[in-house]
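**Student:** Quick one, data-v2.cif (mmCIF, C-alpha atoms and all ligand atoms):
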```
data_protein
#
loop_
_atom_site.label_atom_id
_atom_site.label_comp_id
_atom_site.auth_asym_id
_atom_site.auth_seq_id
_atom_site.Cartn_x
_atom_site.Cartn_y
_atom_site.Cartn_z
CA MET F 1 0.00 0.00 0.00
CA SER F 2 1.36 3.40 -0.97
CA ASN F 3 1.72 6.33 1.40
CA LEU F 4 1.17 8.77 -1.47
CA PHE F 5 -1.91 10.43 -2.89
CA PRO F 6 -2.83 8.62 -6.08
CA ASN F 7 -3.03 11.87 -8.09
CA TYR F 8 -0.44 10.61 -10.61
CA GLY F 9 -0.92 7.61 -12.88
CA ARG F 10 2.50 6.04 -12.35
CA GLN F 11 4.29 3.27 -14.24
CA ASP F 12 5.31 0.31 -12.07
CA PHE F 13 9.06 0.89 -12.35
CA GLU F 14 11.44 3.56 -11.16
CA ILE F 15 14.20 5.32 -13.06
CA MET F 16 17.34 5.21 -10.95
CA SER F 17 20.03 6.89 -13.05
CA GLY F 18 20.70 8.67 -16.31
CA LYS F 19 23.52 9.69 -18.61
CA GLY F 20 23.05 11.81 -21.72
CA CYS F 21 19.71 10.69 -23.24
CA GLN F 22 19.73 7.24 -21.63
CA VAL F 23 18.11 6.31 -18.34
CA THR F 24 18.24 3.06 -16.34
CA ASP F 25 15.45 1.62 -14.20
CA ASP F 26 15.42 -0.38 -10.97
CA GLN F 27 15.51 -3.66 -12.94
CA GLY F 28 18.65 -2.58 -14.81
CA ARG F 29 16.75 -1.95 -18.07
CA THR F 30 17.96 1.03 -20.10
CA TYR F 31 15.77 3.33 -22.14
CA LEU F 32 16.29 6.09 -24.64
CA ASP F 33 14.47 8.97 -22.99
CA PHE F 34 12.23 11.00 -25.30
CA THR F 35 10.40 12.64 -22.39
CA SER F 36 13.33 14.55 -20.83
CA GLY F 37 11.30 14.49 -17.63
CA ILE F 38 8.48 16.33 -19.44
CA GLY F 39 10.61 18.89 -21.24
CA VAL F 40 12.92 19.55 -18.30
CA MET F 41 16.25 17.79 -18.94
CA ASN F 42 17.11 19.82 -22.04
CA LEU F 43 20.84 19.22 -21.56
CA GLY F 44 20.31 15.55 -20.79
CA TYR F 45 21.30 13.63 -17.66
CA GLY F 46 24.58 13.94 -15.83
CA ASN F 47 25.67 17.20 -17.44
CA PRO F 48 29.19 17.76 -16.03
CA LEU F 49 29.23 21.59 -16.14
CA LEU F 50 25.88 21.78 -14.40
CA GLU F 51 26.97 19.30 -11.74
CA GLU F 52 30.12 21.31 -11.17
CA ALA F 53 28.18 24.59 -10.86
CA LEU F 54 25.77 23.08 -8.33
CA VAL F 55 28.51 21.44 -6.26
CA LYS F 56 30.45 24.71 -6.17
CA GLN F 57 27.42 26.77 -5.13
CA SER F 58 26.32 24.16 -2.58
CA ARG F 59 29.65 24.62 -0.78
CA GLU F 60 29.22 28.43 -0.67
CA LEU F 61 25.59 29.18 0.12
CA TRP F 62 22.32 27.36 -0.63
CA HIS F 63 19.72 29.92 0.17
CA MET F 64 19.26 33.53 1.10
CA PRO F 65 15.88 35.27 0.86
CA ASN F 66 15.14 38.19 -1.41
CA LEU F 67 15.97 40.70 1.34
CA TYR F 68 19.46 41.14 -0.06
CA GLN F 69 21.09 41.73 -3.43
CA SER F 70 21.56 38.72 -5.71
CA HIS F 71 24.28 38.87 -8.33
CA LEU F 72 23.22 35.42 -9.57
CA GLN F 73 19.64 36.57 -10.21
CA GLU F 74 21.02 39.61 -12.05
CA GLU F 75 23.25 37.38 -14.19
CA VAL F 76 20.49 34.91 -15.06
CA ALA F 77 18.13 37.80 -15.88
CA GLU F 78 20.82 39.27 -18.15
CA LEU F 79 21.31 35.94 -19.93
CA LEU F 80 17.54 35.56 -20.43
CA ALA F 81 16.87 39.10 -21.54
CA ALA F 82 19.99 39.87 -23.58
CA GLN F 83 18.01 40.24 -26.84
CA HIS F 84 14.89 41.80 -25.34
CA ASP F 85 14.18 44.64 -22.94
CA PHE F 86 12.83 42.36 -20.19
CA VAL F 87 13.31 42.35 -16.44
CA ALA F 88 12.86 39.15 -14.44
CA PHE F 89 11.07 37.77 -11.39
CA PHE F 90 12.15 34.32 -10.22
CA CYS F 91 9.96 31.62 -8.72
CA ASN F 92 9.97 27.83 -8.50
CA SER F 93 7.63 26.40 -11.13
CA GLY F 94 5.67 27.08 -14.27
CA THR F 95 2.38 27.62 -12.57
CA GLU F 96 3.98 30.13 -10.19
CA ALA F 97 5.43 32.01 -13.14
CA ASN F 98 1.93 32.20 -14.61
CA GLU F 99 0.47 33.37 -11.28
CA ALA F 100 2.99 36.21 -11.31
CA ALA F 101 2.08 37.03 -14.92
CA ILE F 102 -1.66 37.12 -14.19
CA LYS F 103 -1.14 39.30 -11.12
CA LEU F 104 1.20 41.67 -12.95
CA ALA F 105 -1.19 41.99 -15.91
CA ARG F 106 -4.14 42.92 -13.68
CA LYS F 107 -2.13 45.34 -11.57
CA ALA F 108 -0.35 47.02 -14.49
CA THR F 109 -3.52 47.54 -16.55
CA GLY F 110 -6.07 48.02 -13.76
CA ARG F 111 -8.30 45.65 -15.78
CA SER F 112 -9.68 42.28 -14.73
CA LYS F 113 -10.57 40.28 -17.86
CA LEU F 114 -8.18 37.62 -19.12
CA ILE F 115 -8.45 35.69 -22.37
CA THR F 116 -6.87 32.25 -22.80
CA PHE F 117 -7.51 29.38 -25.24
CA LEU F 118 -9.25 26.04 -25.38
CA ASP F 119 -6.88 23.08 -24.84
CA SER F 120 -4.29 25.36 -23.26
CA PHE F 121 -2.35 24.34 -20.18
CA HIS F 122 -1.03 26.89 -17.71
CA GLY F 123 -0.60 24.93 -14.47
CA ARG F 124 -2.39 23.56 -11.43
CA THR F 125 -2.59 26.37 -8.87
CA TYR F 126 -5.83 28.35 -8.83
CA GLY F 127 -4.65 31.06 -11.21
CA GLY F 128 -2.86 28.69 -13.58
CA MET F 129 -5.72 26.20 -13.47
CA SER F 130 -8.31 28.92 -14.05
CA ALA F 131 -6.28 30.09 -17.05
CA THR F 132 -6.22 26.54 -18.42
CA GLY F 133 -8.91 26.03 -21.07
CA GLN F 134 -9.70 22.38 -20.25
CA GLU F 135 -12.83 21.35 -18.38
CA LYS F 136 -11.34 18.07 -17.17
CA ILE F 137 -8.67 20.00 -15.26
CA HIS F 138 -11.30 22.22 -13.56
CA GLU F 139 -13.58 19.34 -12.58
CA GLY F 140 -14.49 19.38 -8.89
CA PHE F 141 -12.39 22.44 -8.10
CA GLN F 142 -14.91 25.22 -8.78
CA PRO F 143 -15.33 28.09 -8.15
CA LEU F 144 -12.36 29.13 -10.25
CA VAL F 145 -10.66 32.52 -10.26
CA PRO F 146 -13.18 34.79 -12.04
CA GLY F 147 -12.46 36.77 -15.18
CA PHE F 148 -11.20 34.10 -17.59
CA THR F 149 -12.67 33.49 -21.05
CA TYR F 150 -11.52 30.53 -23.19
CA LEU F 151 -11.53 31.00 -26.95
CA PRO F 152 -10.75 28.66 -29.85
CA TYR F 153 -7.01 28.60 -30.68
CA ASN F 154 -5.87 29.76 -34.13
CA GLN F 155 -9.18 31.56 -34.77
CA LEU F 156 -9.29 35.33 -35.01
CA ALA F 157 -13.00 36.22 -35.17
CA PRO F 158 -13.91 35.06 -31.61
CA LEU F 159 -10.95 37.02 -30.25
CA GLU F 160 -11.90 40.17 -32.17
CA GLU F 161 -15.32 39.89 -30.61
CA ALA F 162 -14.20 39.18 -27.04
CA LEU F 163 -11.18 41.45 -26.68
CA ASP F 164 -11.99 44.96 -25.45
CA GLN F 165 -10.74 47.84 -23.29
CA ASP F 166 -11.44 45.80 -20.13
CA THR F 167 -9.11 42.97 -21.18
CA ALA F 168 -5.97 42.94 -19.06
CA ALA F 169 -4.19 40.24 -21.03
CA VAL F 170 -4.31 37.52 -23.62
CA MET F 171 -2.28 34.52 -22.49
CA LEU F 172 -1.20 31.74 -24.84
CA GLU F 173 1.33 29.05 -25.68
CA VAL F 174 2.87 29.47 -29.13
CA VAL F 175 2.82 25.68 -29.39
CA GLN F 176 0.14 24.16 -27.19
CA GLY F 177 2.02 21.42 -25.37
CA GLU F 178 -0.21 19.40 -23.07
CA GLY F 179 -3.12 20.22 -25.39
CA GLY F 180 -1.64 18.10 -28.19
CA VAL F 181 1.52 19.75 -29.63
CA LEU F 182 -0.43 22.27 -31.67
CA PRO F 183 1.63 25.13 -33.15
CA ALA F 184 0.07 28.56 -33.59
CA GLU F 185 -0.39 29.82 -37.12
CA LYS F 186 1.99 32.69 -37.73
CA ALA F 187 -0.58 35.06 -39.25
CA TRP F 188 -2.97 34.42 -36.38
CA LEU F 189 -0.35 35.02 -33.72
CA GLN F 190 0.75 38.25 -35.36
CA ALA F 191 -2.87 39.40 -35.56
CA VAL F 192 -3.35 38.55 -31.86
CA ALA F 193 -0.28 40.63 -30.97
CA GLU F 194 -1.60 43.53 -33.09
CA LEU F 195 -5.06 43.33 -31.54
CA CYS F 196 -3.54 43.40 -28.04
CA LYS F 197 -1.49 46.46 -28.90
CA GLU F 198 -4.52 48.35 -30.28
CA ASN F 199 -6.50 47.72 -27.08
CA GLY F 200 -3.75 48.29 -24.52
CA THR F 201 -4.01 44.59 -23.62
CA LEU F 202 -0.87 42.77 -22.53
CA LEU F 203 0.28 39.69 -24.43
CA ILE F 204 1.52 36.94 -22.10
CA VAL F 205 3.36 34.07 -23.79
CA ASP F 206 3.60 30.95 -21.65
CA GLU F 207 6.97 29.49 -22.66
CA VAL F 208 7.12 27.05 -19.76
CA GLN F 209 7.37 24.14 -22.21
CA THR F 210 8.48 25.87 -25.43
CA GLY F 211 11.23 28.06 -23.94
CA ILE F 212 14.93 27.46 -23.23
CA GLY F 213 15.83 26.17 -26.68
CA ARG F 214 13.11 23.54 -27.02
CA THR F 215 12.05 24.83 -30.45
CA GLY F 216 15.51 25.82 -31.68
CA LYS F 217 15.38 29.38 -30.33
CA LEU F 218 15.78 30.58 -26.74
CA PHE F 219 12.08 31.53 -26.84
CA ALA F 220 9.62 29.98 -29.28
CA PHE F 221 7.90 33.35 -29.87
CA GLU F 222 11.07 34.39 -31.76
CA HIS F 223 9.92 32.18 -34.68
CA PHE F 224 6.81 34.31 -35.08
CA ASN F 225 8.21 37.83 -35.20
CA ILE F 226 6.12 39.07 -32.27
CA GLN F 227 7.12 40.87 -29.09
CA PRO F 228 5.22 39.73 -25.98
CA ASP F 229 4.84 41.97 -22.93
CA ILE F 230 5.29 39.09 -20.49
CA VAL F 231 6.95 35.68 -20.90
CA THR F 232 6.84 32.80 -18.42
CA LEU F 233 9.44 30.05 -18.10
CA ALA F 234 10.20 26.99 -16.00
CA LYS F 235 10.66 23.37 -17.18
CA GLY F 236 14.05 23.49 -18.99
CA LEU F 237 15.41 26.51 -17.13
CA GLY F 238 17.11 24.57 -14.33
CA ASN F 239 17.61 21.26 -16.19
CA GLY F 240 15.89 19.45 -13.31
CA PHE F 241 16.50 21.94 -10.53
CA PRO F 242 13.11 23.56 -9.80
CA VAL F 243 13.14 27.12 -11.10
CA GLY F 244 10.62 29.34 -12.82
CA ALA F 245 10.77 32.87 -14.13
CA MET F 246 8.51 35.63 -15.33
CA LEU F 247 10.01 38.12 -17.75
CA GLY F 248 8.24 41.39 -18.37
CA LYS F 249 8.85 44.58 -20.33
CA ARG F 250 10.75 47.19 -18.37
CA GLU F 251 7.79 49.61 -18.43
CA LEU F 252 5.82 47.16 -16.26
CA THR F 253 8.22 47.49 -13.29
CA ALA F 254 6.13 50.24 -11.60
CA ALA F 255 3.25 47.77 -11.08
CA PHE F 256 5.47 45.31 -9.20
CA GLY F 257 6.95 47.62 -6.56
CA PRO F 258 8.40 46.46 -3.22
CA GLY F 259 5.99 44.18 -1.35
CA SER F 260 3.64 43.62 -4.32
CA HIS F 261 4.62 40.03 -4.99
CA GLY F 262 7.19 37.55 -3.75
CA SER F 263 8.46 34.06 -3.07
CA THR F 264 10.58 32.70 -0.22
CA PHE F 265 12.52 30.28 -2.39
CA GLY F 266 12.27 32.22 -5.66
CA GLY F 267 15.69 32.86 -7.18
CA ASN F 268 17.37 30.60 -4.60
CA LYS F 269 21.17 30.44 -4.95
CA LEU F 270 21.25 26.80 -6.06
CA ALA F 271 18.44 27.37 -8.54
CA MET F 272 20.24 30.37 -10.03
CA ALA F 273 23.54 28.49 -10.24
CA ALA F 274 21.70 25.79 -12.22
CA ALA F 275 19.88 28.26 -14.49
CA LYS F 276 23.07 30.20 -15.18
CA SER F 277 24.91 27.04 -16.24
CA VAL F 278 21.99 25.97 -18.46
CA LEU F 279 21.83 29.34 -20.21
CA GLN F 280 25.60 29.49 -20.70
CA GLN F 281 25.51 26.07 -22.36
CA LEU F 282 22.52 26.89 -24.57
CA ASP F 283 24.70 28.34 -27.32
CA ASP F 284 24.15 28.86 -31.05
CA ASP F 285 25.59 25.42 -31.85
CA LEU F 286 23.08 23.65 -29.64
CA LEU F 287 20.19 25.73 -31.03
CA ALA F 288 21.35 24.90 -34.57
CA HIS F 289 21.49 21.21 -33.62
CA VAL F 290 17.87 21.42 -32.45
CA ALA F 291 16.84 22.91 -35.80
CA THR F 292 18.64 20.36 -37.99
CA GLY F 293 17.79 17.46 -35.70
CA SER F 294 14.16 18.48 -35.80
CA GLN F 295 14.08 18.47 -39.61
CA GLN F 296 15.64 15.01 -39.77
CA LEU F 297 13.43 13.56 -37.06
CA LEU F 298 10.28 15.05 -38.62
CA ALA F 299 11.32 13.71 -42.05
CA ALA F 300 11.89 10.21 -40.63
CA LEU F 301 8.52 10.29 -38.86
CA GLN F 302 6.72 11.55 -41.99
CA GLU F 303 7.75 8.29 -43.67
CA ILE F 304 5.51 6.30 -41.36
CA ASP F 305 2.75 4.86 -43.49
CA SER F 306 -0.24 3.87 -41.41
CA PRO F 307 -4.00 4.49 -41.52
CA TYR F 308 -3.75 5.15 -37.76
CA LEU F 309 -1.44 8.15 -38.12
CA LYS F 310 -3.35 11.39 -38.79
CA GLU F 311 -0.57 13.97 -38.60
CA VAL F 312 3.05 14.54 -37.62
CA ARG F 313 3.66 18.11 -36.43
CA GLY F 314 5.75 20.24 -34.14
CA LEU F 315 8.44 22.83 -33.79
CA GLY F 316 12.05 22.08 -32.94
CA LEU F 317 12.29 19.09 -30.63
CA MET F 318 8.68 19.36 -29.53
CA ILE F 319 6.94 16.87 -31.80
CA GLY F 320 3.49 15.30 -31.83
CA LEU F 321 2.08 12.36 -33.76
CA GLU F 322 -1.70 12.51 -33.79
CA LEU F 323 -3.25 9.05 -33.94
CA THR F 324 -6.76 8.03 -34.88
CA ASP F 325 -9.10 6.79 -32.13
CA GLU F 326 -8.57 3.16 -33.25
CA LEU F 327 -4.99 3.24 -31.98
CA PRO F 328 -4.93 4.51 -28.38
CA VAL F 329 -1.73 6.41 -27.62
CA GLY F 330 -1.39 4.47 -24.35
CA THR F 331 -0.87 1.26 -26.33
CA VAL F 332 1.82 2.88 -28.47
CA ILE F 333 3.60 4.28 -25.39
CA SER F 334 3.64 0.80 -23.74
CA GLN F 335 4.95 -0.90 -26.87
CA LEU F 336 7.67 1.71 -27.31
CA GLN F 337 8.60 1.29 -23.67
CA ALA F 338 9.01 -2.45 -24.21
CA LYS F 339 11.42 -1.68 -27.08
CA GLY F 340 13.38 0.73 -24.88
CA LEU F 341 11.96 4.16 -25.72
CA LEU F 342 10.20 6.45 -23.23
CA THR F 343 7.63 8.84 -24.72
CA LEU F 344 4.73 11.05 -23.58
CA ARG F 345 1.10 11.58 -24.40
CA ALA F 346 -0.65 14.89 -25.03
CA GLY F 347 -4.13 16.08 -25.92
CA ALA F 348 -6.75 13.60 -26.97
CA ASN F 349 -4.60 10.97 -28.71
CA VAL F 350 -1.20 12.43 -29.50
CA LEU F 351 2.18 10.77 -29.00
CA ARG F 352 4.47 13.54 -27.76
CA LEU F 353 8.26 13.53 -28.15
CA LEU F 354 10.41 15.83 -26.04
CA PRO F 355 13.94 14.42 -26.22
CA PRO F 356 16.82 16.21 -24.51
CA LEU F 357 18.11 18.90 -26.91
CA THR F 358 21.48 17.15 -26.81
CA VAL F 359 20.01 14.00 -28.42
CA SER F 360 22.22 12.70 -31.25
CA ILE F 361 21.01 12.22 -34.82
CA GLU F 362 21.66 8.48 -34.36
CA GLU F 363 19.43 8.38 -31.28
CA MET F 364 16.71 10.25 -33.17
CA MET F 365 16.86 7.78 -36.05
CA GLN F 366 16.71 4.84 -33.62
CA ALA F 367 13.65 6.35 -31.93
CA ALA F 368 11.99 7.06 -35.30
CA ALA F 369 12.62 3.45 -36.41
CA TRP F 370 10.97 2.07 -33.25
CA ILE F 371 8.00 4.43 -33.58
CA LYS F 372 7.61 3.42 -37.22
CA GLU F 373 7.66 -0.28 -36.30
CA VAL F 374 5.08 0.11 -33.53
CA ILE F 375 2.65 2.25 -35.55
CA GLN F 376 3.00 0.31 -38.82
CA GLU F 377 2.58 -3.06 -37.11
CA ALA F 378 -0.51 -1.91 -35.22
C1 LIG A 401 4.16 22.30 -17.53
C2 LIG A 401 3.50 23.56 -17.90
C3 LIG A 401 3.04 24.46 -16.92
C4 LIG A 401 3.08 24.14 -15.44
O1 LIG A 401 4.38 24.05 -14.96
P1 LIG A 401 4.64 23.47 -13.48
O2 LIG A 401 6.11 23.66 -13.28
O3 LIG A 401 4.20 22.05 -13.51
O4 LIG A 401 3.82 24.28 -12.55
C5 LIG A 401 2.51 25.67 -17.34
N1 LIG A 401 2.43 25.98 -18.65
C6 LIG A 401 2.86 25.14 -19.61
C7 LIG A 401 2.76 25.56 -21.04
C8 LIG A 401 3.39 23.91 -19.27
O5 LIG A 401 3.79 23.06 -20.24
#
```
Could you write out this structure as structure tokens?
Ligand SMILES: *Cc1c(COP(=O)(O)O)cnc(C)c1O

**Tutor:**
Amino acid sequence: MSNLFPNYGRQDFEIMSGKGCQVTDDQGRTYLDFTSGIGVMNLGYGNPLLEEALVKQSRELWHMPNLYQSHLQEEVAELLAAQHDFVAFFCNSGTEANEAAIKLARKATGRSKLITFLDSFHGRTYGGMSATGQEKIHEGFQPLVPGFTYLPYNQLAPLEEALDQDTAAVMLEVVQGEGGVLPAEKAWLQAVAELCKENGTLLIVDEVQTGIGRTGKLFAFEHFNIQPDIVTLAKGLGNGFPVGAMLGKRELTAAFGPGSHGSTFGGNKLAMAAAKSVLQQLDDDLLAHVATGSQQLLAALQEIDSPYLKEVRGLGLMIGLELTDELPVGTVISQLQAKGLLTLRAGANVLRLLPPLTVSIEEMMQAAAWIKEVIQEA
């Protein structure tokens, strides 16, 4: 009998160690990991520079609250915002980053209405959950935070109708992750950004899953030629050390004055040492590898010929294979696991691949071959 709440559907084995893109379970079985701990281990397992940075910081100081200066927070903020005029607030998770974004948007605009999208995912705390446009995630937890409206993704007319001078913010993922690996259409996203600007509405881009190189750019919004007012980050930022961040345009600083918002652990020394090492390693070469690797992996997956495969889509190393109802994604995940490949589900019936960004072309081709076998033999 377990001593844990059964709120997770867990597999019956435990992963005990990892190196690069390979992990080993408690039975000694090894797997190629195409989950990266749900988009977290972007630099893979056992990254030596990251280990060194954490060991070094752990011998100096683990924690100090935000009552004092933090050169590490300043450095991480600089690394994150180098190309954009953002300032940063640090927290510990994606949902906390979104809480900060929602609070900042309301305070900065003095407006209460927030628009998000159907099939979005923004986290599990009350703000993040209320922002999430999925009924199954709200079930049993009502009343939600008031003020949210959920609109169809990639459709402009409903947004034109709903967005007005009382709208504090539009919040979206540029590729819906949990919702089924659904990329935004460029023209739509640009129109959304324009509409926000015209109405004095802030554009919040939730990059918790898409950020930190996942799509081949530091931020996925950079593919779309838009400039958000607020960006939220977490998953890959600490490569497994819990850290989240909200970035916002410098002109929003007045709304988040001393005492307005905070976090005891946010920007913790160990977390910042991890984030700094991650960002220093996320160089142009690695981003270029994500882009070329993505093309090759997508091309290999496009070759799968099966009546059960509806679509292969994605951006960078965030890839989804939408299956028909006749082939449940759970079956595919189990069969891949038996071959030695760990994968994820998303949306209604989508096989989601989020390998570490450091995955080799060889490993991608091996994974594609196994996926092809499983789907074609179904
Ligand atoms: C995972 C995720 C979150 C929630 O992050 P947590 O760290 O689990 O709170 C929020 N938004 C998106 C887009 C995510 O993928």

**Student:** What does the list of residues within 8 Å of ligand LIG 401 (chain A) look like if you count all atoms listed in the file, written as a PyMOL selection string?

**Tutor:** chain F and resi 38+92-98+120-125+128+173+176-178+206-210+234-235+242+244

**Student:** One decimal, in Å: what's the spacing between atom CA of Val23 of chain F and atom CA of Gln335 of chain F?

**Tutor:**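 Interatomic distance, atom CA of Val23 of chain F to atom CA of Gln335 of chain F: 17.3 Å.
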
**Student:** Can you write out as a tab-separated table which residues of segment 189-230 of chain F fall within 12 Å of segment 139-155 of chain F, alongside each residue's closest atom pair and its distance in Å to one decimal, counting only C-alpha atoms and ordering rows by chain and ascending residue number?

**Tutor:**
```
residue	atom	partner	partner_atom	distance
F:Leu189	CA	F:Asn154	CA	7.6
F:Gln190	CA	F:Asn154	CA	10.8
F:Ala191	CA	F:Gln155	CA	10.1
F:Val192	CA	F:Asn154	CA	9.4
```

**Student:** Just want the 12 Å neighbourhood of Thr167 of chain F, counted on only C-alpha atoms, with same-chain residues fewer than 2 positions away dropped. Output as a PyMOL selection string.

**Tutor:** chain F and resi 102+105-106+108-116+147-149+159-165+169-171+195-203

**Student:** Using all atoms listed in the file, give me every residue within 12 Å of (-3.7, 0.6, -30.2) in file coordinates, as a list of chain:residue names.

**Tutor:**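 Within 12 Å of (-3.7, 0.6, -30.2), the protein and nucleic acid residues are F:Pro307, F:Tyr308, F:Leu309, F:Leu323, F:Thr324, F:Asp325, F:Glu326, F:Leu327, F:Pro328, F:Val329, F:Gly330, F:Thr331, F:Val332, F:Ile333, F:Ser334, F:Gln335, F:Leu336, F:Asn349, F:Leu351, F:Val374, F:Ile375, F:Gln376, F:Glu377, F:Ala378.
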
**Student:** With a distance cut-off of 12 Å and only C-alpha atoms, select the neighbouring residues of Glu362 of chain F, excluding the residue or stretch itself and same-chain residues fewer than 4 positions from it, and output the selection as a list in words.

**Tutor:** Cys21, Leu32, Gly293, Gln296, Leu297, Ala300, Thr358, Gln366, Ala367, Ala368 and Ala369 of chain F

**Student:** If we count all atoms listed in the file and set the cut-off at 6 Å, which residues sit around Lys269 of chain F, ignoring sequence neighbours fewer than 3 positions away in its own chain? Please answer as a PyMOL selection string.

**Tutor:** chain F and resi 62-63+272

**Student:** Could you dump the residues just selected with C-alpha atoms as an mmCIF file, keeping the file's coordinate frame?

**Tutor:**
```cif
data_model
loop_
_atom_site.group_PDB
_atom_site.id
_atom_site.type_symbol
_atom_site.label_atom_id
_atom_site.label_comp_id
_atom_site.auth_asym_id
_atom_site.auth_seq_id
_atom_site.Cartn_x
_atom_site.Cartn_y
_atom_site.Cartn_z
ATOM 1 C CA TRP F 62 22.320 27.360 -0.630
ATOM 2 C CA HIS F 63 19.720 29.920 0.170
ATOM 3 C CA MET F 272 20.240 30.370 -10.030
#
```

**Student:** Need to verify the contact set: segment 46-52 of chain F, 10 Å, only C-alpha atoms, exclusion of same-chain residues closer than 2 positions in sequence. Can you return it as a list in words?

**Tutor:**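 After dropping sequence-adjacent residues, the list is Ser17, Gly18, Lys19, Gly20, Cys21, Met41, Leu43, Gly44, Leu54, Val55, Lys56, Gln57, Ser58, Gly238, Asn239, Ala273, Ala274, Ala275, Lys276, Ser277, Val278, Gln280 and Gln281 of chain F.
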
**Student:** May I ask for the distance between atom CA of Gly213 of chain F and atom CA of Leu287 of chain F, given in Å to one decimal place?

**Tutor:** 6.2 Å

**Student:** Where atoms are missing, can you supply all heavy atoms for segment 100-105 of chain F and output the lot as a PDB file, in the coordinates of the input?

**Tutor:**
```pdb
ATOM      1  N   ALA F 100       2.357  34.889 -11.328  1.00  0.00           N
ATOM      2  CA  ALA F 100       2.990  36.210 -11.310  1.00  0.00           C
ATOM      3  C   ALA F 100       2.546  37.017 -12.526  1.00  0.00           C
ATOM      4  O   ALA F 100       2.256  38.218 -12.417  1.00  0.00           O
ATOM      5  CB  ALA F 100       4.513  36.052 -11.302  1.00  0.00           C
ATOM      6  N   ALA F 101       2.459  36.352 -13.680  1.00  0.00           N
ATOM      7  CA  ALA F 101       2.080  37.030 -14.920  1.00  0.00           C
ATOM      8  C   ALA F 101       0.643  37.561 -14.837  1.00  0.00           C
ATOM      9  O   ALA F 101       0.358  38.693 -15.240  1.00  0.00           O
ATOM     10  CB  ALA F 101       2.226  36.076 -16.102  1.00  0.00           C
ATOM     11  N   ILE F 102      -0.251  36.728 -14.300  1.00  0.00           N
ATOM     12  CA  ILE F 102      -1.660  37.120 -14.190  1.00  0.00           C
ATOM     13  C   ILE F 102      -1.788  38.306 -13.216  1.00  0.00           C
ATOM     14  O   ILE F 102      -2.477  39.292 -13.495  1.00  0.00           O
ATOM     15  CB  ILE F 102      -2.510  35.917 -13.711  1.00  0.00           C
ATOM     16  CG1 ILE F 102      -2.548  34.835 -14.794  1.00  0.00           C
ATOM     17  CG2 ILE F 102      -3.927  36.362 -13.337  1.00  0.00           C
ATOM     18  CD1 ILE F 102      -2.992  33.453 -14.286  1.00  0.00           C
ATOM     19  N   LYS F 103      -1.091  38.211 -12.097  1.00  0.00           N
ATOM     20  CA  LYS F 103      -1.140  39.300 -11.120  1.00  0.00           C
ATOM     21  C   LYS F 103      -0.568  40.587 -11.702  1.00  0.00           C
ATOM     22  O   LYS F 103      -1.156  41.660 -11.558  1.00  0.00           O
ATOM     23  CB  LYS F 103      -0.373  38.903  -9.840  1.00  0.00           C
ATOM     24  CG  LYS F 103      -1.117  37.874  -8.984  1.00  0.00           C
ATOM     25  CD  LYS F 103      -0.325  37.450  -7.752  1.00  0.00           C
ATOM     26  CE  LYS F 103      -0.217  38.547  -6.705  1.00  0.00           C
ATOM     27  NZ  LYS F 103       0.452  38.035  -5.456  1.00  0.00           N
ATOM     28  N   LEU F 104       0.568  40.475 -12.358  1.00  0.00           N
ATOM     29  CA  LEU F 104       1.200  41.670 -12.950  1.00  0.00           C
ATOM     30  C   LEU F 104       0.290  42.303 -13.996  1.00  0.00           C
ATOM     31  O   LEU F 104       0.143  43.528 -14.055  1.00  0.00           O
ATOM     32  CB  LEU F 104       2.560  41.301 -13.554  1.00  0.00           C
ATOM     33  CG  LEU F 104       3.304  42.433 -14.272  1.00  0.00           C
ATOM     34  CD1 LEU F 104       3.604  43.601 -13.322  1.00  0.00           C
ATOM     35  CD2 LEU F 104       4.612  41.931 -14.893  1.00  0.00           C
ATOM     36  N   ALA F 105      -0.334  41.455 -14.831  1.00  0.00           N
ATOM     37  CA  ALA F 105      -1.190  41.990 -15.910  1.00  0.00           C
ATOM     38  C   ALA F 105      -2.366  42.765 -15.322  1.00  0.00           C
ATOM     39  O   ALA F 105      -2.710  43.852 -15.801  1.00  0.00           O
ATOM     40  CB  ALA F 105      -1.686  40.854 -16.800  1.00  0.00           C
TER      41      ALA F 105
END
```
